[in-house]
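Heads up, model-v2.cif below (mmCIF, C-alpha atoms):
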data_query
#
loop_
_atom_site.group_PDB
_atom_site.id
_atom_site.type_symbol
_atom_site.label_atom_id
_atom_site.label_comp_id
_atom_site.auth_asym_id
_atom_site.auth_seq_id
_atom_site.Cartn_x
_atom_site.Cartn_y
_atom_site.Cartn_z
ATOM 1 C CA MET A 11 163.004 120.870 -16.638
ATOM 2 C CA PRO A 12 166.420 121.854 -15.245
ATOM 3 C CA ARG A 13 166.520 122.900 -11.614
ATOM 4 C CA ASP A 14 167.115 126.577 -12.435
ATOM 5 C CA GLU A 15 163.909 126.590 -14.492
ATOM 6 C CA LEU A 16 162.092 124.744 -11.717
ATOM 7 C CA ALA A 17 163.343 127.369 -9.274
ATOM 8 C CA ASP A 18 162.149 130.189 -11.524
ATOM 9 C CA THR A 19 158.677 128.652 -11.805
ATOM 10 C CA VAL A 20 158.336 127.941 -8.098
ATOM 11 C CA VAL A 21 159.534 131.395 -6.999
ATOM 12 C CA ARG A 22 157.349 133.128 -9.602
ATOM 13 C CA THR A 23 154.324 131.179 -8.380
ATOM 14 C CA TRP A 24 154.852 131.128 -4.603
ATOM 15 C CA GLY A 25 157.286 133.977 -3.955
ATOM 16 C CA ALA A 26 159.140 133.800 -0.648
ATOM 17 C CA ALA A 27 157.335 130.619 0.341
ATOM 18 C CA GLY A 28 158.532 129.001 -2.867
ATOM 19 C CA ALA A 29 162.099 130.130 -2.302
ATOM 20 C CA GLY A 30 162.034 128.692 1.205
ATOM 21 C CA TRP A 31 160.653 125.392 -0.039
ATOM 22 C CA LEU A 32 163.319 125.179 -2.757
ATOM 23 C CA ALA A 33 166.092 125.698 -0.248
ATOM 24 C CA ALA A 34 164.877 122.680 1.708
ATOM 25 C CA SER A 35 163.614 120.521 -1.177
ATOM 26 C CA ASP A 36 166.692 118.319 -1.579
ATOM 27 C CA ARG A 37 166.679 117.568 2.137
ATOM 28 C CA LEU A 38 162.933 116.877 2.000
ATOM 29 C CA VAL A 39 163.248 114.425 -0.883
ATOM 30 C CA THR A 40 166.185 112.635 0.729
ATOM 31 C CA GLY A 41 164.313 112.401 4.023
ATOM 32 C CA LEU A 42 161.193 111.032 2.387
ATOM 33 C CA ALA A 43 163.237 108.417 0.528
ATOM 34 C CA HIS A 44 164.825 107.264 3.800
ATOM 35 C CA GLU A 45 161.481 107.238 5.607
ATOM 36 C CA LEU A 46 159.733 105.209 2.888
ATOM 37 C CA GLY A 47 162.621 102.900 2.097
ATOM 38 C CA LEU A 48 163.089 104.241 -1.428
ATOM 39 C CA GLU A 49 166.165 104.209 -3.623
ATOM 40 C CA LEU A 50 166.408 107.553 -5.398
ATOM 41 C CA GLY A 51 166.878 107.488 -9.150
ATOM 42 C CA ALA A 52 166.898 110.032 -11.943
ATOM 43 C CA THR A 53 165.246 113.425 -11.820
ATOM 44 C CA LEU A 54 162.163 113.370 -14.045
ATOM 45 C CA PRO A 55 160.654 116.345 -15.913
ATOM 46 C CA GLN A 56 159.797 119.049 -13.393
ATOM 47 C CA SER A 57 157.731 122.206 -13.635
ATOM 48 C CA PHE A 58 156.114 123.113 -10.310
ATOM 49 C CA HIS A 59 157.293 120.126 -8.276
ATOM 50 C CA ALA A 60 160.365 118.071 -7.484
ATOM 51 C CA VAL A 61 159.926 114.735 -9.270
ATOM 52 C CA ARG A 62 162.252 111.740 -8.849
ATOM 53 C CA ALA A 63 162.202 108.203 -10.138
ATOM 54 C CA VAL A 64 162.491 105.831 -7.204
ATOM 55 C CA THR A 65 162.656 102.109 -6.528
ATOM 56 C CA CYS A 66 160.570 100.790 -3.657
ATOM 57 C CA ALA A 67 161.799 98.250 -1.120
ATOM 58 C CA ASP A 68 159.967 95.468 -2.988
ATOM 59 C CA GLY A 69 161.796 96.388 -6.214
ATOM 60 C CA SER A 70 158.827 98.070 -7.892
ATOM 61 C CA ALA A 71 159.264 101.313 -9.812
ATOM 62 C CA ALA A 72 157.580 104.474 -8.524
ATOM 63 C CA VAL A 73 157.740 108.261 -8.674
ATOM 64 C CA LEU A 74 158.239 110.566 -5.696
ATOM 65 C CA LYS A 75 156.648 113.988 -6.189
ATOM 66 C CA ALA A 76 156.885 116.887 -3.758
ATOM 67 C CA GLY A 77 155.725 120.488 -3.888
ATOM 68 C CA VAL A 78 155.094 123.578 -1.812
ATOM 69 C CA PRO A 79 152.778 122.325 0.973
ATOM 70 C CA ASP A 80 150.038 124.929 0.597
ATOM 71 C CA GLY A 81 147.251 122.484 -0.215
ATOM 72 C CA HIS A 82 147.451 122.772 -4.007
ATOM 73 C CA LEU A 83 148.229 119.055 -4.320
ATOM 74 C CA ASP A 84 145.228 117.996 -2.229
ATOM 75 C CA ALA A 85 142.926 117.864 -5.263
ATOM 76 C CA GLU A 86 145.381 115.666 -7.172
ATOM 77 C CA ILE A 87 145.580 113.303 -4.210
ATOM 78 C CA ALA A 88 141.785 113.146 -3.922
ATOM 79 C CA ALA A 89 141.307 112.508 -7.642
ATOM 80 C CA LEU A 90 143.919 109.751 -7.794
ATOM 81 C CA ARG A 91 142.385 108.068 -4.750
ATOM 82 C CA ALA A 92 138.939 108.187 -6.354
ATOM 83 C CA TRP A 93 140.210 106.616 -9.590
ATOM 84 C CA GLY A 94 142.121 103.875 -7.797
ATOM 85 C CA GLY A 95 144.305 103.254 -10.829
ATOM 86 C CA ASP A 96 141.406 102.994 -13.299
ATOM 87 C CA GLY A 97 142.780 104.983 -16.231
ATOM 88 C CA ALA A 98 145.328 106.882 -14.156
ATOM 89 C CA VAL A 99 148.520 106.103 -12.289
ATOM 90 C CA ARG A 100 147.954 104.654 -8.832
ATOM 91 C CA LEU A 101 148.538 106.729 -5.736
ATOM 92 C CA LEU A 102 150.732 104.583 -3.479
ATOM 93 C CA TRP A 103 151.168 106.976 -0.551
ATOM 94 C CA ALA A 104 150.591 110.628 0.236
ATOM 95 C CA ASP A 105 151.298 113.144 2.970
ATOM 96 C CA PRO A 106 149.284 116.279 2.108
ATOM 97 C CA ALA A 107 150.775 118.219 5.023
ATOM 98 C CA ARG A 108 154.216 117.891 3.443
ATOM 99 C CA GLY A 109 152.989 118.167 -0.146
ATOM 100 C CA ALA A 110 154.385 114.725 -0.989
ATOM 101 C CA LEU A 111 153.068 111.857 -3.124
ATOM 102 C CA LEU A 112 154.395 108.439 -4.090
ATOM 103 C CA LEU A 113 152.992 107.339 -7.445
ATOM 104 C CA GLU A 114 153.029 104.298 -9.664
ATOM 105 C CA ARG A 115 155.633 104.812 -12.388
ATOM 106 C CA ALA A 116 154.336 104.498 -15.932
ATOM 107 C CA ASP A 117 156.924 102.535 -17.932
ATOM 108 C CA PRO A 118 158.137 103.083 -20.581
ATOM 109 C CA GLY A 119 156.567 106.514 -19.960
ATOM 110 C CA THR A 120 156.354 107.596 -23.597
ATOM 111 C CA GLU A 121 154.015 110.570 -23.970
ATOM 112 C CA LEU A 122 150.799 110.168 -25.938
ATOM 113 C CA ALA A 123 152.038 113.131 -27.990
ATOM 114 C CA GLU A 124 154.225 110.645 -29.867
ATOM 115 C CA LEU A 125 151.151 109.049 -31.454
ATOM 116 C CA PRO A 126 149.487 110.392 -34.617
ATOM 117 C CA ASP A 127 146.628 112.739 -33.835
ATOM 118 C CA GLY A 128 143.738 110.408 -34.659
ATOM 119 C CA PRO A 129 144.767 107.532 -32.386
ATOM 120 C CA ALA A 130 145.813 109.998 -29.669
ATOM 121 C CA VAL A 131 142.371 111.606 -29.587
ATOM 122 C CA GLU A 132 140.764 108.172 -29.398
ATOM 123 C CA VAL A 133 142.924 107.325 -26.368
ATOM 124 C CA LEU A 134 142.071 110.627 -24.672
ATOM 125 C CA GLY A 135 138.362 110.133 -25.247
ATOM 126 C CA GLY A 136 138.480 106.616 -23.868
ATOM 127 C CA LEU A 137 140.342 107.736 -20.758
ATOM 128 C CA LEU A 138 137.922 110.596 -20.135
ATOM 129 C CA ALA A 139 134.946 108.243 -20.354
ATOM 130 C CA ARG A 140 136.531 106.075 -17.650
ATOM 131 C CA LEU A 141 137.770 108.869 -15.408
ATOM 132 C CA HIS A 142 134.355 110.523 -15.406
ATOM 133 C CA ARG A 143 132.740 107.379 -13.965
ATOM 134 C CA ALA A 144 134.471 107.702 -10.585
ATOM 135 C CA PRO A 145 132.651 108.982 -7.491
ATOM 136 C CA VAL A 146 133.246 112.689 -6.913
ATOM 137 C CA PRO A 147 135.284 113.322 -3.739
ATOM 138 C CA ALA A 148 134.052 115.973 -1.330
ATOM 139 C CA GLY A 149 135.800 119.316 -1.156
ATOM 140 C CA LEU A 150 137.016 119.734 -4.733
ATOM 141 C CA ASP A 151 136.701 123.106 -6.469
ATOM 142 C CA HIS A 152 133.892 123.522 -8.997
ATOM 143 C CA VAL A 153 134.887 124.786 -12.430
ATOM 144 C CA ALA A 154 132.215 127.493 -12.135
ATOM 145 C CA GLY A 155 134.720 129.421 -10.045
ATOM 146 C CA GLU A 156 137.139 129.697 -12.954
ATOM 147 C CA ARG A 157 134.939 132.338 -14.575
ATOM 148 C CA ALA A 158 136.535 134.775 -12.106
ATOM 149 C CA ALA A 159 139.718 134.792 -14.216
ATOM 150 C CA LEU A 160 137.719 135.845 -17.288
ATOM 151 C CA ASP A 161 136.007 138.628 -15.347
ATOM 152 C CA ALA A 162 139.333 139.822 -13.935
ATOM 153 C CA HIS A 163 140.779 140.012 -17.434
ATOM 154 C CA LEU A 164 137.805 142.041 -18.627
ATOM 155 C CA ALA A 165 138.423 144.487 -15.767
ATOM 156 C CA ARG A 166 141.894 145.309 -17.078
ATOM 157 C CA PRO A 167 142.212 148.807 -18.540
ATOM 158 C CA ASP A 168 144.034 147.494 -21.613
ATOM 159 C CA GLU A 169 142.677 145.094 -24.228
ATOM 160 C CA VAL A 170 145.288 142.355 -24.234
ATOM 161 C CA LEU A 171 143.022 139.743 -25.816
ATOM 162 C CA PRO A 172 140.029 140.419 -28.101
ATOM 163 C CA ARG A 173 137.376 141.662 -25.699
ATOM 164 C CA PRO A 174 134.386 140.179 -27.581
ATOM 165 C CA LEU A 175 135.914 136.692 -27.344
ATOM 166 C CA VAL A 176 136.534 136.996 -23.603
ATOM 167 C CA GLU A 177 133.050 138.423 -22.975
ATOM 168 C CA ARG A 178 131.484 135.581 -24.909
ATOM 169 C CA ALA A 179 133.538 132.980 -23.040
ATOM 170 C CA ALA A 180 132.518 134.489 -19.683
ATOM 171 C CA ALA A 181 128.823 134.392 -20.570
ATOM 172 C CA LEU A 182 129.132 130.851 -21.883
ATOM 173 C CA TRP A 183 130.950 129.734 -18.756
ATOM 174 C CA THR A 184 128.025 130.472 -16.482
ATOM 175 C CA ARG A 185 125.461 129.149 -18.963
ATOM 176 C CA LEU A 186 127.312 125.859 -19.414
ATOM 177 C CA CYS A 187 127.822 125.314 -15.699
ATOM 178 C CA ASP A 188 124.225 126.140 -14.855
ATOM 179 C CA SER A 189 122.828 123.827 -17.550
ATOM 180 C CA ALA A 190 124.978 120.773 -16.831
ATOM 181 C CA GLU A 191 122.882 117.597 -16.897
ATOM 182 C CA ARG A 192 125.471 115.824 -14.753
ATOM 183 C CA GLU A 193 128.648 116.681 -12.896
ATOM 184 C CA VAL A 194 131.695 114.456 -12.718
ATOM 185 C CA LEU A 195 135.192 114.212 -11.320
ATOM 186 C CA LEU A 196 137.244 116.070 -13.919
ATOM 187 C CA HIS A 197 140.913 115.553 -14.672
ATOM 188 C CA GLY A 198 141.147 119.256 -15.459
ATOM 189 C CA ASP A 199 144.271 119.106 -17.624
ATOM 190 C CA LEU A 200 144.087 115.992 -19.782
ATOM 191 C CA HIS A 201 146.142 116.358 -22.921
ATOM 192 C CA GLN A 202 148.774 114.526 -24.920
ATOM 193 C CA HIS A 203 151.617 115.299 -22.478
ATOM 194 C CA ASN A 204 149.689 114.109 -19.408
ATOM 195 C CA VAL A 205 149.093 110.587 -20.702
ATOM 196 C CA LEU A 206 151.980 108.103 -20.574
ATOM 197 C CA ALA A 207 152.540 104.634 -22.002
ATOM 198 C CA ALA A 208 152.561 101.988 -19.275
ATOM 199 C CA THR A 209 152.738 98.239 -18.745
ATOM 200 C CA ARG A 210 149.723 97.730 -16.463
ATOM 201 C CA GLU A 211 147.585 99.458 -19.104
ATOM 202 C CA PRO A 212 148.559 100.780 -22.523
ATOM 203 C CA TRP A 213 148.070 104.412 -21.396
ATOM 204 C CA LEU A 214 147.632 106.092 -18.010
ATOM 205 C CA ALA A 215 146.744 109.673 -17.092
ATOM 206 C CA ILE A 216 148.974 111.704 -14.783
ATOM 207 C CA ASP A 217 148.955 115.121 -13.071
ATOM 208 C CA PRO A 218 145.225 115.733 -12.575
ATOM 209 C CA HIS A 219 144.018 119.117 -11.373
ATOM 210 C CA GLY A 220 140.973 117.472 -9.780
ATOM 211 C CA ARG A 221 137.852 119.567 -10.352
ATOM 212 C CA VAL A 222 134.090 119.045 -10.377
ATOM 213 C CA GLY A 223 131.781 120.030 -13.208
ATOM 214 C CA ASP A 224 130.281 119.337 -16.607
ATOM 215 C CA PRO A 225 132.178 116.579 -18.479
ATOM 216 C CA GLY A 226 132.560 118.901 -21.473
ATOM 217 C CA TYR A 227 135.146 120.939 -19.583
ATOM 218 C CA ASP A 228 137.678 118.141 -20.061
ATOM 219 C CA CYS A 229 137.325 118.344 -23.855
ATOM 220 C CA GLY A 230 139.153 121.675 -24.022
ATOM 221 C CA GLN A 231 142.762 121.237 -22.898
ATOM 222 C CA LEU A 232 143.847 118.829 -25.625
ATOM 223 C CA LEU A 233 142.665 121.216 -28.365
ATOM 224 C CA TYR A 234 145.710 123.487 -28.019
ATOM 225 C CA ASN A 235 148.127 120.576 -27.606
ATOM 226 C CA PRO A 236 150.583 118.995 -28.227
ATOM 227 C CA LEU A 237 153.215 121.616 -27.526
ATOM 228 C CA GLY A 238 155.025 122.880 -30.578
ATOM 229 C CA ALA A 239 152.235 122.012 -32.999
ATOM 230 C CA ASP A 240 151.335 124.560 -35.661
ATOM 231 C CA PRO A 241 148.500 126.758 -34.278
ATOM 232 C CA ALA A 242 146.763 126.860 -37.657
ATOM 233 C CA GLU A 243 146.807 123.060 -37.825
ATOM 234 C CA LEU A 244 145.445 122.757 -34.283
ATOM 235 C CA ALA A 245 142.640 125.140 -35.216
ATOM 236 C CA ARG A 246 141.837 123.131 -38.331
ATOM 237 C CA ARG A 247 141.675 119.872 -36.370
ATOM 238 C CA ALA A 248 139.538 121.199 -33.514
ATOM 239 C CA PRO A 249 136.018 120.529 -34.870
ATOM 240 C CA ASP A 250 136.808 116.909 -35.772
ATOM 241 C CA ARG A 251 138.535 116.320 -32.457
ATOM 242 C CA LEU A 252 135.495 117.660 -30.600
ATOM 243 C CA GLU A 253 133.099 115.471 -32.541
ATOM 244 C CA ARG A 254 134.915 112.369 -31.306
ATOM 245 C CA LEU A 255 135.304 113.672 -27.775
ATOM 246 C CA ALA A 256 131.621 114.590 -27.496
ATOM 247 C CA ASP A 257 130.671 111.002 -28.241
ATOM 248 C CA ALA A 258 133.242 109.677 -25.773
ATOM 249 C CA VAL A 259 132.074 111.749 -22.794
ATOM 250 C CA GLY A 260 128.382 111.602 -23.648
ATOM 251 C CA ILE A 261 127.518 115.200 -24.475
ATOM 252 C CA GLY A 262 126.135 116.919 -27.553
ATOM 253 C CA TRP A 263 128.274 118.405 -30.309
ATOM 254 C CA ASP A 264 127.112 121.959 -29.569
ATOM 255 C CA ARG A 265 128.050 121.613 -25.917
ATOM 256 C CA ALA A 266 131.487 120.208 -26.711
ATOM 257 C CA VAL A 267 132.184 123.098 -29.102
ATOM 258 C CA ALA A 268 131.050 125.666 -26.548
ATOM 259 C CA TRP A 269 133.261 124.183 -23.841
ATOM 260 C CA GLY A 270 136.183 123.887 -26.240
ATOM 261 C CA PHE A 271 135.885 127.567 -27.144
ATOM 262 C CA ALA A 272 135.506 128.730 -23.526
ATOM 263 C CA VAL A 273 138.382 126.622 -22.177
ATOM 264 C CA CYS A 274 140.714 127.830 -24.944
ATOM 265 C CA VAL A 275 139.891 131.466 -24.170
ATOM 266 C CA LEU A 276 140.467 130.830 -20.457
ATOM 267 C CA SER A 277 143.856 129.278 -21.221
ATOM 268 C CA GLU A 278 144.925 132.423 -23.070
ATOM 269 C CA VAL A 279 143.621 134.599 -20.235
ATOM 270 C CA TRP A 280 145.625 132.623 -17.688
ATOM 271 C CA ASP A 281 148.761 132.974 -19.822
ATOM 272 C CA ALA A 282 148.262 136.679 -20.488
ATOM 273 C CA ASP A 283 147.500 137.593 -16.879
ATOM 274 C CA GLY A 284 149.818 135.213 -15.095
ATOM 275 C CA ASP A 285 153.230 135.916 -16.598
ATOM 276 C CA THR A 286 154.869 139.292 -17.128
ATOM 277 C CA GLY A 287 156.979 137.685 -19.856
ATOM 278 C CA TRP A 288 153.934 136.641 -21.881
ATOM 279 C CA PRO A 289 155.039 136.479 -25.546
ATOM 280 C CA GLY A 290 151.571 137.096 -26.988
ATOM 281 C CA PRO A 291 148.609 134.973 -28.073
ATOM 282 C CA GLY A 292 149.312 131.292 -28.548
ATOM 283 C CA PRO A 293 147.607 128.276 -30.110
ATOM 284 C CA ALA A 294 144.650 128.329 -27.719
ATOM 285 C CA LEU A 295 143.510 131.646 -29.165
ATOM 286 C CA ALA A 296 143.858 130.309 -32.706
ATOM 287 C CA VAL A 297 141.608 127.386 -31.765
ATOM 288 C CA ALA A 298 139.110 129.687 -30.030
ATOM 289 C CA ARG A 299 138.855 131.847 -33.143
ATOM 290 C CA ARG A 300 138.173 128.748 -35.257
ATOM 291 C CA LEU A 301 135.449 127.525 -32.905
ATOM 292 C CA ALA A 302 133.765 130.881 -32.305
ATOM 293 C CA PRO A 303 131.552 130.757 -35.444
ATOM 294 C CA LEU A 304 130.442 127.236 -34.497
ATOM 295 C CA VAL A 305 129.245 128.120 -30.980
ATOM 296 C CA ALA A 306 125.469 128.075 -30.806
ATOM 297 C CA GLU A 307 123.856 131.277 -29.516
#
Any chance you could put this one into structure tokens?
Amino acid sequence: MPRDELADTVVRTWGAAGAGWLAASDRLVTGLAHELGLELGATLPQSFHAVRAVTCADGSAAVLKAGVPDGHLDAEIAALRAWGGDGAVRLLWADPARGALLLERADPGTELAELPDGPAVEVLGGLLARLHRAPVPAGLDHVAGERAALDAHLARPDEVLPRPLVERAAALWTRLCDSAEREVLLHGDLHQHNVLAATREPWLAIDPHGRVGDPGYDCGQLLYNPLGADPAELARRAPDRLERLADAVGIGWDRAVAWGFAVCVLSEVWDADGDTGWPGPGPALAVARRLAPLVAE
């Protein structure tokens, strides 16, 4: 993402604090590189954070990532520490107070989105099964709290998204969280663009949100990905994708479908309520509509 787009995202998300961080971000990155003995390389894709390829003093390849130091990266740091490189990139160093991380670089770094859908879903399921085995760090947010976004949307005076779908997702959210047979360390945003080809392992996960909850939650984000795919095709594929994911993470088909539906509705709610330039319903809503008749009452 070009720097002007990065700036737009950061300022839209953090306001004046984001603008202040942006003004000092180049100096921060340069200072961190000097402090850690890193040679700065190319700028990598950026959305909410400054991301640079770097070479460590021992010649190994790494990634330096820095963001607004408000604590939002703490969960990513905790999740990566818990995984210890098992299915995800290794965390090499972190300074939460400065919002800075040094990460293993996945080379060649090709996105999983480049694979055909069937093999890609198999990779995602295998990674989830591994990531969910890690011990859950203390202090992470529980996904039960994300129902608040659904309730806030329902409190709007206008009906931006189909109200019956949002009401159903909100009710399901609490039911699914309360009935979880086990709770795991969740990636929180595992999809085809957050898995990269590597040399240490064939594929490694990146950019975790780091949450706690029912493993079925992690079956939802890939359903409306990859970016640019035809929404109707994503909707058609969703039931088959969920069948394979349910087996991978060890939950029943009905539970996977319910989580897939609820997570897709939440994604549309976040988009509709979080951006004044929202262009209208996207692929997540198309998938939610396809799954709605399959959700057990």
Pick from A:Pro147, A:Leu38, A:Glu169, A:Leu50 nearest to Arg108 of chain A, counting all atoms listed in the file: A:Leu38
Quick one: contact table of segment 195-240 of chain A to segment 153-165 of chain A, 8 Å max, nearest atom pair and distance in Å to one decimal per residue, counting only C-alpha atoms, chain and number order, as a tab-separated table?
residue	atom	partner	partner_atom	distance
A:Arg221	CA	A:Val153	CA	6.4
A:Val222	CA	A:Val153	CA	6.1
A:Gly223	CA	A:Val153	CA	5.7
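Those residues that approach segment 64-78 of chain A to within 6 Å, counting only C-alpha atoms, are Gly47, Leu48, Glu49, Leu50, Gly51, Gly109, Ala110, Leu111, Leu112, Leu113, Glu114 and Arg115 of chain A; same-chain residues fewer than 6 positions away are not listed.
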Residues matched by the PyMOL selection byres ((chain A and resi 176) around 12) as a VMD selection string: chain A and resid 157 to 166 169 to 175 177 to 183 271 to 280 295 298 to 299 302
Given the choices A:Pro291, A:Gly97, A:Gly25, A:Pro218, which gets closest to Ala144 of chain A if the distance is worked out from only C-alpha atoms? A:Gly97
For the file shown, what are the residues hit by the PyMOL selection byres ((chain A and resi 206) around 6), laid out as a list in words?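 This file gives the following for the PyMOL selection byres ((chain A and resi 206) around 6): Gly119, Thr120, Glu121, Leu122, Val205, Ala207, Trp213 and Leu214 of chain A.
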Would you translate the PyMOL selection byres ((chain A and resi 95) around 10) into the concrete set of residues it matches in this file, as a PyMOL selection string? chain A and resi 90-94+96-102+114+141+210-211+214-215
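Residue nearest Trp269 of chain A within the list A:Ala85, A:Cys229, A:Leu255, A:Leu304: A:Cys229 [criterion: smallest interatomic distance, all atoms listed in the file].
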Between A:His82, A:Arg247, A:Ala242, A:Val267, single out the one closest to His219 of chain A, counting only C-alpha atoms.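 Of the candidates, the smallest distance to His219 of chain A is held by A:His82.
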What is the distance, in Å and to one decimal place, between atom CA of Gly238 of chain A and atom CA of His142 of chain A?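 These atoms are spaced 28.5 Å apart.
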Best match for closeness to Ile87 of chain A among A:Gly136, A:Gly28, A:Gly149, A:Gly290, counting only C-alpha atoms: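 Among the listed residues, the smallest separation from Ile87 of chain A belongs to A:Gly149.
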So, counting all atoms listed in the file, which residue among A:Gly284, A:Pro118, A:Pro249, A:Gly135 is closest to Arg300 of chain A?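 Among A:Gly284, A:Pro118, A:Pro249, A:Gly135, it is A:Pro249 that comes nearest to Arg300 of chain A.
For the atom pair formed by atom CA of Leu232 of chain A and atom CA of Val259 of chain A, the distance is 14.0 Å, given to one decimal.
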Arg251 of chain A: which residues within 12 Å, counting all atoms listed in the file, same-chain residues fewer than 2 positions away excluded, as a PyMOL selection string? chain A and resi 127-135+229-235+243-249+253-258+263+266-267+270+297+301
Work out how far atom CA of Ala29 of chain A is from atom CA of Trp288 of chain A, in Å to one decimal.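 That distance, rounded to one decimal, is 22.2 Å.
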How would segment 165-171 of chain A read, as a PDB file, keeping the file's coordinate frame, once all heavy atoms are built in?
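out.pdb written:
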ATOM      1  N   ALA A 165     138.298 143.282 -16.586  1.00  0.00           N
ATOM      2  CA  ALA A 165     138.423 144.487 -15.767  1.00  0.00           C
ATOM      3  C   ALA A 165     139.727 145.231 -16.009  1.00  0.00           C
ATOM      4  O   ALA A 165     139.905 146.351 -15.507  1.00  0.00           O
ATOM      5  CB  ALA A 165     138.301 144.118 -14.289  1.00  0.00           C
ATOM      6  N   ARG A 166     140.640 144.624 -16.776  1.00  0.00           N
ATOM      7  CA  ARG A 166     141.894 145.309 -17.078  1.00  0.00           C
ATOM      8  C   ARG A 166     141.633 146.553 -17.918  1.00  0.00           C
ATOM      9  O   ARG A 166     140.725 146.565 -18.764  1.00  0.00           O
ATOM     10  CB  ARG A 166     142.837 144.383 -17.844  1.00  0.00           C
ATOM     11  CG  ARG A 166     143.413 143.250 -17.022  1.00  0.00           C
ATOM     12  CD  ARG A 166     144.308 142.353 -17.843  1.00  0.00           C
ATOM     13  NE  ARG A 166     145.423 143.067 -18.460  1.00  0.00           N
ATOM     14  CZ  ARG A 166     146.610 142.525 -18.740  1.00  0.00           C
ATOM     15  NH1 ARG A 166     146.826 141.252 -18.460  1.00  0.00           N
ATOM     16  NH2 ARG A 166     147.557 143.228 -19.293  1.00  0.00           N
ATOM     17  N   PRO A 167     142.428 147.596 -17.736  1.00  0.00           N
ATOM     18  CA  PRO A 167     142.212 148.807 -18.540  1.00  0.00           C
ATOM     19  C   PRO A 167     142.662 148.670 -19.984  1.00  0.00           C
ATOM     20  O   PRO A 167     142.225 149.421 -20.855  1.00  0.00           O
ATOM     21  CB  PRO A 167     143.045 149.864 -17.800  1.00  0.00           C
ATOM     22  CG  PRO A 167     144.115 149.077 -17.092  1.00  0.00           C
ATOM     23  CD  PRO A 167     143.469 147.775 -16.709  1.00  0.00           C
ATOM     24  N   ASP A 168     143.533 147.700 -20.256  1.00  0.00           N
ATOM     25  CA  ASP A 168     144.034 147.494 -21.613  1.00  0.00           C
ATOM     26  C   ASP A 168     143.355 146.264 -22.221  1.00  0.00           C
ATOM     27  O   ASP A 168     142.911 145.369 -21.520  1.00  0.00           O
ATOM     28  CB  ASP A 168     145.542 147.297 -21.616  1.00  0.00           C
ATOM     29  CG  ASP A 168     145.998 146.205 -20.655  1.00  0.00           C
ATOM     30  OD1 ASP A 168     145.198 145.822 -19.765  1.00  0.00           O
ATOM     31  OD2 ASP A 168     147.133 145.730 -20.779  1.00  0.00           O
ATOM     32  N   GLU A 169     143.275 146.231 -23.537  1.00  0.00           N
ATOM     33  CA  GLU A 169     142.677 145.094 -24.228  1.00  0.00           C
ATOM     34  C   GLU A 169     143.791 144.197 -24.743  1.00  0.00           C
ATOM     35  O   GLU A 169     144.283 144.346 -25.861  1.00  0.00           O
ATOM     36  CB  GLU A 169     141.775 145.555 -25.378  1.00  0.00           C
ATOM     37  CG  GLU A 169     141.034 144.403 -26.037  1.00  0.00           C
ATOM     38  CD  GLU A 169     139.982 144.860 -27.028  1.00  0.00           C
ATOM     39  OE1 GLU A 169     139.320 145.892 -26.780  1.00  0.00           O
ATOM     40  OE2 GLU A 169     139.818 144.173 -28.060  1.00  0.00           O
ATOM     41  N   VAL A 170     144.199 143.253 -23.887  1.00  0.00           N
ATOM     42  CA  VAL A 170     145.288 142.355 -24.234  1.00  0.00           C
ATOM     43  C   VAL A 170     144.814 141.288 -25.221  1.00  0.00           C
ATOM     44  O   VAL A 170     145.488 140.985 -26.202  1.00  0.00           O
ATOM     45  CB  VAL A 170     145.866 141.693 -22.964  1.00  0.00           C
ATOM     46  CG1 VAL A 170     147.000 140.741 -23.309  1.00  0.00           C
ATOM     47  CG2 VAL A 170     146.344 142.758 -22.001  1.00  0.00           C
ATOM     48  N   LEU A 171     143.652 140.734 -24.947  1.00  0.00           N
ATOM     49  CA  LEU A 171     143.022 139.743 -25.816  1.00  0.00           C
ATOM     50  C   LEU A 171     141.740 140.344 -26.370  1.00  0.00           C
ATOM     51  O   LEU A 171     141.182 141.271 -25.776  1.00  0.00           O
ATOM     52  CB  LEU A 171     142.711 138.463 -25.035  1.00  0.00           C
ATOM     53  CG  LEU A 171     143.925 137.715 -24.487  1.00  0.00           C
ATOM     54  CD1 LEU A 171     143.472 136.589 -23.561  1.00  0.00           C
ATOM     55  CD2 LEU A 171     144.776 137.161 -25.612  1.00  0.00           C
TER      56      LEU A 171
END
